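Peer 1: Here's a structure for you.
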Amino acid sequence: KIHGRLSHKLHRTMSMETVRTVLERLPAECPPKSEADALALAVHACLEMDGMRCVAISEGDAAQSQSTPPASPGPLPSGWNASEDMYVFIYRHASSQALFVLKCLVMEDSLLVHAASDRSDDVHCLELRMSDFVQFVPGGDRQDVEKMFSDLEALLRAVRVNIIFKLIPSLAKKLLSSGQQGSCGPKAEGIPAAGGWRGGEGPGGLRMDPTGGPPLVPDVGRADLAPAGIGIGPIGGMMPGG
């Protein structure tokens, strides 16, 4: 029990500090302006915490991105939140030769997260309810993470289980062996958690209803997430016909 409490506190602290660092590095001209901005930024921070390095924020820059990740994370480029309803982050990781694409689509009060690798046909999905993780977006002080966000440990677990560990399975074993995994470990995906998220995958990258009902998010085609210029088609819209 003591180990569990320490692990919980460790992950909460690591999550808070990572998000705070990401916020501090943002260009002054593009702070988070909405709940969707804040949550997309927190998702990015989760990936950064596990070694993902953002090398581009658009399909046009993906082909020209560096083939190896930077040794340390840098600030997101200006324009990361230029769109009001979609965010694109393209990553590399030191343990893989793959290029990873993350797209976040705003749909009503939720953020639909989809991720893919240029080395696999799988598309991984996660739905996050904004109100469960973002409390408010301050007009001035971007470093007030404790007031801006809530339940970042649950967010980290959701992103790890449904996105990071699916993209790079070896990371789950690495965190487990190092004792850092704690309650953020790979438990059964597709089951709604208390923090207000659901994840999983199905044909065409659909998030499947754990009750056995029909898929719960729109179909996302493989080409919709493929980085431009790497041989598997350009990045398209998140929705059919996009």
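A note on labels: chains of the structure tokens are A, B, ... as shown, every chain counts residues from 1, and ligands are counted from 1 in their shown order.
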Go through range 16-194 of chain A and collect every residue that DSSP, computed from the backbone, puts in strand (DSSP E or B); the answer should be as an mmCIF file with N, CA and C atoms, in the first residue's frame.
Peer 2:
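Result went into result-v3.cif, see below:
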data_model
loop_
_atom_site.group_PDB
_atom_site.id
_atom_site.type_symbol
_atom_site.label_atom_id
_atom_site.label_comp_id
_atom_site.auth_asym_id
_atom_site.auth_seq_id
_atom_site.Cartn_x
_atom_site.Cartn_y
_atom_site.Cartn_z
ATOM 1 N N ARG A 53 9.691 12.793 -29.170
ATOM 2 C CA ARG A 53 10.152 14.129 -29.497
ATOM 3 C C ARG A 53 9.421 14.630 -30.730
ATOM 4 N N CYS A 54 8.728 15.751 -30.566
ATOM 5 C CA CYS A 54 7.953 16.311 -31.667
ATOM 6 C C CYS A 54 8.906 16.934 -32.682
ATOM 7 N N VAL A 55 8.817 16.476 -33.936
ATOM 8 C CA VAL A 55 9.707 16.972 -34.988
ATOM 9 C C VAL A 55 8.961 17.770 -36.053
ATOM 10 N N ALA A 56 7.621 17.783 -35.984
ATOM 11 C CA ALA A 56 6.829 18.548 -36.950
ATOM 12 C C ALA A 56 5.403 18.656 -36.433
ATOM 13 N N MET A 86 -8.497 20.861 -34.695
ATOM 14 C CA MET A 86 -7.613 19.727 -34.937
ATOM 15 C C MET A 86 -6.167 20.101 -34.623
ATOM 16 N N TYR A 87 -5.441 19.142 -34.064
ATOM 17 C CA TYR A 87 -4.032 19.323 -33.722
ATOM 18 C C TYR A 87 -3.260 18.156 -34.326
ATOM 19 N N VAL A 88 -2.103 18.449 -34.869
ATOM 20 C CA VAL A 88 -1.248 17.415 -35.451
ATOM 21 C C VAL A 88 0.127 17.505 -34.811
ATOM 22 N N PHE A 89 0.603 16.376 -34.296
ATOM 23 C CA PHE A 89 1.949 16.300 -33.729
ATOM 24 C C PHE A 89 2.636 15.092 -34.356
ATOM 25 N N ILE A 90 3.837 15.281 -34.859
ATOM 26 C CA ILE A 90 4.587 14.202 -35.489
ATOM 27 C C ILE A 90 5.860 13.979 -34.681
ATOM 28 N N TYR A 91 6.094 12.720 -34.322
ATOM 29 C CA TYR A 91 7.151 12.396 -33.365
ATOM 30 C C TYR A 91 8.155 11.374 -33.896
ATOM 31 N N ARG A 92 9.314 11.395 -33.242
ATOM 32 C CA ARG A 92 10.277 10.303 -33.335
ATOM 33 C C ARG A 92 10.679 9.920 -31.915
ATOM 34 N N PHE A 100 5.993 8.725 -36.014
ATOM 35 C CA PHE A 100 4.697 8.568 -35.374
ATOM 36 C C PHE A 100 3.854 9.823 -35.579
ATOM 37 N N VAL A 101 2.593 9.614 -35.937
ATOM 38 C CA VAL A 101 1.680 10.734 -36.174
ATOM 39 C C VAL A 101 0.551 10.689 -35.150
ATOM 40 N N LEU A 102 0.324 11.808 -34.482
ATOM 41 C CA LEU A 102 -0.771 11.936 -33.530
ATOM 42 C C LEU A 102 -1.684 13.046 -34.015
ATOM 43 N N LYS A 103 -2.985 12.730 -34.147
ATOM 44 C CA LYS A 103 -3.980 13.737 -34.496
ATOM 45 C C LYS A 103 -5.040 13.790 -33.414
ATOM 46 N N CYS A 104 -5.376 14.996 -33.011
ATOM 47 C CA CYS A 104 -6.414 15.207 -32.008
ATOM 48 C C CYS A 104 -7.532 16.015 -32.648
ATOM 49 N N LEU A 105 -8.729 15.479 -32.634
ATOM 50 C CA LEU A 105 -9.881 16.115 -33.253
ATOM 51 C C LEU A 105 -10.889 16.511 -32.188
ATOM 52 N N VAL A 106 -11.306 17.769 -32.220
ATOM 53 C CA VAL A 106 -12.310 18.251 -31.272
ATOM 54 C C VAL A 106 -13.694 17.869 -31.766
ATOM 55 N N MET A 107 -14.455 17.197 -30.903
ATOM 56 C CA MET A 107 -15.822 16.829 -31.237
ATOM 57 C C MET A 107 -16.703 17.091 -30.015
ATOM 58 N N SER A 110 -15.452 16.554 -26.344
ATOM 59 C CA SER A 110 -14.413 15.522 -26.265
ATOM 60 C C SER A 110 -13.272 15.814 -27.228
ATOM 61 N N LEU A 111 -12.137 15.199 -26.922
ATOM 62 C CA LEU A 111 -10.989 15.234 -27.815
ATOM 63 C C LEU A 111 -10.743 13.804 -28.276
ATOM 64 N N LEU A 112 -10.851 13.571 -29.577
ATOM 65 C CA LEU A 112 -10.614 12.251 -30.148
ATOM 66 C C LEU A 112 -9.166 12.176 -30.599
ATOM 67 N N VAL A 113 -8.422 11.258 -30.011
ATOM 68 C CA VAL A 113 -6.993 11.128 -30.278
ATOM 69 C C VAL A 113 -6.757 9.890 -31.126
ATOM 70 N N HIS A 114 -6.039 10.057 -32.239
ATOM 71 C CA HIS A 114 -5.712 8.936 -33.108
ATOM 72 C C HIS A 114 -4.218 8.950 -33.381
ATOM 73 N N ALA A 115 -3.588 7.779 -33.365
ATOM 74 C CA ALA A 115 -2.145 7.708 -33.560
ATOM 75 C C ALA A 115 -1.799 6.537 -34.460
ATOM 76 N N ALA A 116 -0.723 6.703 -35.219
ATOM 77 C CA ALA A 116 -0.262 5.652 -36.115
ATOM 78 C C ALA A 116 1.239 5.786 -36.324
ATOM 79 N N SER A 117 1.816 4.707 -36.831
ATOM 80 C CA SER A 117 3.244 4.664 -37.146
ATOM 81 C C SER A 117 3.400 4.331 -38.620
ATOM 82 N N VAL A 123 -4.141 1.710 -36.411
ATOM 83 C CA VAL A 123 -4.474 3.053 -35.952
ATOM 84 C C VAL A 123 -5.035 2.911 -34.539
ATOM 85 N N HIS A 124 -4.474 3.639 -33.597
ATOM 86 C CA HIS A 124 -4.856 3.532 -32.200
ATOM 87 C C HIS A 124 -5.682 4.750 -31.798
ATOM 88 N N CYS A 125 -6.715 4.518 -31.004
ATOM 89 C CA CYS A 125 -7.706 5.565 -30.734
ATOM 90 C C CYS A 125 -7.955 5.751 -29.240
ATOM 91 N N LEU A 126 -8.284 6.975 -28.890
ATOM 92 C CA LEU A 126 -8.591 7.307 -27.504
ATOM 93 C C LEU A 126 -9.532 8.503 -27.504
ATOM 94 N N GLU A 127 -10.592 8.426 -26.710
ATOM 95 C CA GLU A 127 -11.513 9.537 -26.557
ATOM 96 C C GLU A 127 -11.399 10.090 -25.144
ATOM 97 N N LEU A 128 -11.190 11.409 -25.031
ATOM 98 C CA LEU A 128 -11.022 12.064 -23.743
ATOM 99 C C LEU A 128 -12.078 13.144 -23.571
ATOM 100 N N ARG A 129 -12.768 13.131 -22.456
ATOM 101 C CA ARG A 129 -13.747 14.166 -22.159
ATOM 102 C C ARG A 129 -13.016 15.356 -21.539
ATOM 103 N N VAL A 134 -9.471 19.228 -17.798
ATOM 104 C CA VAL A 134 -9.175 20.658 -17.868
ATOM 105 C C VAL A 134 -10.212 21.410 -17.050
ATOM 106 N N PHE A 149 -5.383 21.980 -14.668
ATOM 107 C CA PHE A 149 -5.643 20.570 -14.963
ATOM 108 C C PHE A 149 -6.074 19.797 -13.720
#
Peer 1: Mind dumping a table of every range 53-79 of chain A residue within 7 Å of range 24-32 of chain A, with the nearest atom pair and its distance in Å to one decimal, using only C-alpha atoms, sorted by chain and rising number, as a Markdown table?
Peer 2:
| residue | atom | partner | partner_atom | distance |
| --- | --- | --- | --- | --- |
| A:Pro75 | CA | A:Arg25 | CA | 5.0 |
| A:Leu76 | CA | A:Leu26 | CA | 6.1 |
| A:Ser78 | CA | A:Pro27 | CA | 6.2 |
| A:Gly79 | CA | A:Cys30 | CA | 6.8 |
Peer 1: Given only C-alpha atoms as the basis, pick out the residue of A:Trp80, A:Ala158, A:Ala71, A:Ala40 nearest to Ile57 in chain A.
Peer 2: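 Answer, going by the shortest atom-to-atom distance: A:Trp80.
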Peer 1: Separation of CA of Glu35 in chain A and CA of Val161 in chain A, in Å?
Peer 2: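 We find that CA of Glu35 in chain A and CA of Val161 in chain A lie 22.7 Å from each other.
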Peer 1: Check the smallest atom-to-atom distance from each of A:Thr68, A:Gln135, A:Ser15, A:Ser95 to Ala38 in chain A using only C-alpha atoms, then report the winner.
Peer 2: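 Of all the options, A:Gln135 lies closest to Ala38 in chain A.
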Peer 1: For Asp144 in chain A, please output as a ChimeraX atom specification all residues within 12 Å (counting only C-alpha atoms; exclusion window: fewer than 3 positions along the same chain).
Peer 2: /A:16-17,19-21,23-24,38,134-141,147-150
Peer 1: Please, could you write that set of residues out with all heavy atoms as a short mmCIF file (atom, residue, chain, number, x, y, z; two decimals), in the first residue's frame?
Peer 2:
data_model
loop_
_atom_site.label_atom_id
_atom_site.label_comp_id
_atom_site.auth_asym_id
_atom_site.auth_seq_id
_atom_site.Cartn_x
_atom_site.Cartn_y
_atom_site.Cartn_z
N MET A 16 2.59 16.58 -13.57
CA MET A 16 2.46 18.02 -13.36
C MET A 16 3.70 18.75 -13.85
O MET A 16 3.61 19.77 -14.54
CB MET A 16 2.23 18.32 -11.87
CG MET A 16 0.85 18.00 -11.36
SD MET A 16 -0.39 19.17 -11.97
CE MET A 16 -1.83 18.62 -11.05
N GLU A 17 4.89 18.25 -13.49
CA GLU A 17 6.12 18.92 -13.87
C GLU A 17 6.33 18.89 -15.38
O GLU A 17 6.81 19.86 -15.97
CB GLU A 17 7.31 18.27 -13.16
CG GLU A 17 7.36 18.53 -11.67
CD GLU A 17 7.36 20.03 -11.35
OE1 GLU A 17 8.07 20.80 -12.03
OE2 GLU A 17 6.62 20.43 -10.44
N VAL A 19 3.95 18.75 -17.74
CA VAL A 19 3.02 19.69 -18.36
C VAL A 19 3.47 21.13 -18.10
O VAL A 19 3.42 21.98 -18.98
CB VAL A 19 1.59 19.47 -17.83
CG1 VAL A 19 0.65 20.55 -18.37
CG2 VAL A 19 1.09 18.09 -18.24
N ARG A 20 3.93 21.40 -16.89
CA ARG A 20 4.41 22.75 -16.56
C ARG A 20 5.58 23.14 -17.48
O ARG A 20 5.65 24.26 -17.99
CB ARG A 20 4.83 22.83 -15.10
CG ARG A 20 5.35 24.22 -14.71
CD ARG A 20 5.75 24.30 -13.25
NE ARG A 20 4.58 24.31 -12.38
CZ ARG A 20 4.20 23.31 -11.61
NH1 ARG A 20 4.90 22.18 -11.61
NH2 ARG A 20 3.14 23.40 -10.84
N THR A 21 6.51 22.19 -17.69
CA THR A 21 7.65 22.48 -18.55
C THR A 21 7.22 22.75 -19.98
O THR A 21 7.72 23.66 -20.64
CB THR A 21 8.64 21.29 -18.52
OG1 THR A 21 9.08 21.08 -17.18
CG2 THR A 21 9.84 21.56 -19.40
N LEU A 23 4.35 23.92 -20.95
CA LEU A 23 3.71 25.24 -20.96
C LEU A 23 4.75 26.36 -20.96
O LEU A 23 4.62 27.35 -21.69
CB LEU A 23 2.80 25.38 -19.75
CG LEU A 23 1.44 24.68 -19.81
CD1 LEU A 23 0.79 24.67 -18.44
CD2 LEU A 23 0.52 25.38 -20.81
N GLU A 24 5.78 26.21 -20.15
CA GLU A 24 6.80 27.24 -20.05
C GLU A 24 7.56 27.43 -21.36
O GLU A 24 8.03 28.54 -21.65
CB GLU A 24 7.78 26.89 -18.92
CG GLU A 24 7.18 26.99 -17.53
CD GLU A 24 8.13 26.50 -16.45
OE1 GLU A 24 9.14 25.86 -16.81
OE2 GLU A 24 7.85 26.74 -15.27
N ALA A 38 -5.63 23.15 -24.22
CA ALA A 38 -4.99 22.69 -22.99
C ALA A 38 -4.89 21.17 -22.95
O ALA A 38 -3.84 20.61 -22.59
CB ALA A 38 -5.76 23.20 -21.78
N VAL A 134 -9.47 19.23 -17.80
CA VAL A 134 -9.17 20.66 -17.87
C VAL A 134 -10.21 21.41 -17.05
O VAL A 134 -11.42 21.29 -17.30
CB VAL A 134 -9.18 21.16 -19.33
CG1 VAL A 134 -8.86 22.66 -19.37
CG2 VAL A 134 -8.17 20.38 -20.17
N GLN A 135 -9.75 22.20 -16.08
CA GLN A 135 -10.66 22.95 -15.22
C GLN A 135 -10.94 24.34 -15.76
O GLN A 135 -12.06 24.80 -15.78
CB GLN A 135 -10.07 23.05 -13.81
CG GLN A 135 -9.82 21.69 -13.17
CD GLN A 135 -11.05 20.80 -13.21
OE1 GLN A 135 -12.11 21.16 -12.71
NE2 GLN A 135 -10.92 19.63 -13.83
N PHE A 136 -9.89 25.01 -16.19
CA PHE A 136 -10.07 26.32 -16.81
C PHE A 136 -8.78 26.69 -17.52
O PHE A 136 -7.72 26.09 -17.27
CB PHE A 136 -10.44 27.38 -15.77
CG PHE A 136 -9.25 27.98 -15.05
CD1 PHE A 136 -8.92 29.31 -15.21
CD2 PHE A 136 -8.47 27.19 -14.21
CE1 PHE A 136 -7.82 29.85 -14.53
CE2 PHE A 136 -7.39 27.72 -13.52
CZ PHE A 136 -7.06 29.07 -13.69
N VAL A 137 -8.86 27.63 -18.43
CA VAL A 137 -7.69 28.10 -19.16
C VAL A 137 -7.43 29.54 -18.75
O VAL A 137 -8.20 30.44 -19.10
CB VAL A 137 -7.90 28.00 -20.69
CG1 VAL A 137 -6.67 28.49 -21.43
CG2 VAL A 137 -8.23 26.57 -21.08
N PRO A 138 -6.38 29.78 -17.98
CA PRO A 138 -6.13 31.14 -17.49
C PRO A 138 -5.76 32.10 -18.61
O PRO A 138 -5.18 31.70 -19.61
CB PRO A 138 -4.97 30.95 -16.51
CG PRO A 138 -4.27 29.72 -17.00
CD PRO A 138 -5.36 28.83 -17.55
N GLY A 139 -6.09 33.35 -18.41
CA GLY A 139 -5.79 34.33 -19.44
C GLY A 139 -4.34 34.76 -19.44
O GLY A 139 -3.80 35.15 -20.46
N GLY A 140 -3.67 34.66 -18.30
CA GLY A 140 -2.31 35.16 -18.25
C GLY A 140 -1.30 34.13 -17.79
O GLY A 140 -0.38 33.78 -18.52
N ASP A 141 -1.45 33.59 -16.59
CA ASP A 141 -0.46 32.70 -16.00
C ASP A 141 -0.59 31.29 -16.55
O ASP A 141 -1.47 30.53 -16.16
CB ASP A 141 -0.60 32.68 -14.48
CG ASP A 141 0.50 31.88 -13.81
OD1 ASP A 141 1.41 31.42 -14.54
OD2 ASP A 141 0.46 31.72 -12.59
N LYS A 147 -4.19 24.39 -11.06
CA LYS A 147 -5.53 24.93 -11.23
C LYS A 147 -6.08 24.66 -12.63
O LYS A 147 -7.30 24.56 -12.82
CB LYS A 147 -5.52 26.44 -10.96
CG LYS A 147 -5.24 26.81 -9.52
CD LYS A 147 -5.28 28.32 -9.32
CE LYS A 147 -5.01 28.69 -7.88
NZ LYS A 147 -5.03 30.17 -7.68
N MET A 148 -5.21 24.58 -13.61
CA MET A 148 -5.66 24.39 -14.98
C MET A 148 -6.11 22.96 -15.24
O MET A 148 -7.11 22.71 -15.92
CB MET A 148 -4.54 24.74 -15.96
CG MET A 148 -5.00 24.79 -17.42
SD MET A 148 -3.63 25.03 -18.61
CE MET A 148 -2.88 26.52 -17.99
N PHE A 149 -5.38 21.98 -14.67
CA PHE A 149 -5.64 20.57 -14.96
C PHE A 149 -6.07 19.80 -13.72
O PHE A 149 -5.80 20.21 -12.59
CB PHE A 149 -4.38 19.91 -15.54
CG PHE A 149 -3.93 20.47 -16.85
CD1 PHE A 149 -2.90 21.40 -16.90
CD2 PHE A 149 -4.54 20.10 -18.04
CE1 PHE A 149 -2.48 21.93 -18.10
CE2 PHE A 149 -4.13 20.62 -19.25
CZ PHE A 149 -3.10 21.54 -19.28
N SER A 150 -6.72 18.67 -13.96
CA SER A 150 -7.05 17.74 -12.89
C SER A 150 -6.83 16.32 -13.37
O SER A 150 -6.92 16.04 -14.57
CB SER A 150 -8.51 17.92 -12.44
OG SER A 150 -9.40 17.56 -13.48
#
Peer 1: Pick the closest to Ser72 in chain A from A:Met49, A:Asp121, A:Asp132, A:Lys173: which is it, counting only C-alpha atoms?
Peer 2: A:Met49
Peer 1: Between A:Leu39, A:Cys46, A:Leu99, A:Ala82, which one has atoms that come closest to Ile163 in chain A, using only C-alpha atoms?
Peer 2: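 Checking each candidate against Ile163 in chain A, we get A:Cys46 as the closest.
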Peer 1: Interatomic distance between CA of Gly60 in chain A and CA of Ser83 in chain A?
Peer 2: 15.3 Å
Peer 1: Which residue is closest to Leu152 in chain A? Choose from A:Met130, A:Ile164, A:Pro69, A:Asp109 and count only C-alpha atoms.
Peer 2: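 Using only C-alpha atoms, the shortest distance to Leu152 in chain A belongs to A:Met130.
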Peer 1: Would you give me, as a ChimeraX atom specification, the residues in range 17-159 of chain A that DSSP reads as helix (DSSP H, G or I)?
Peer 2: /A:17-25,35-49,59-62,130-132,145-148,152-159
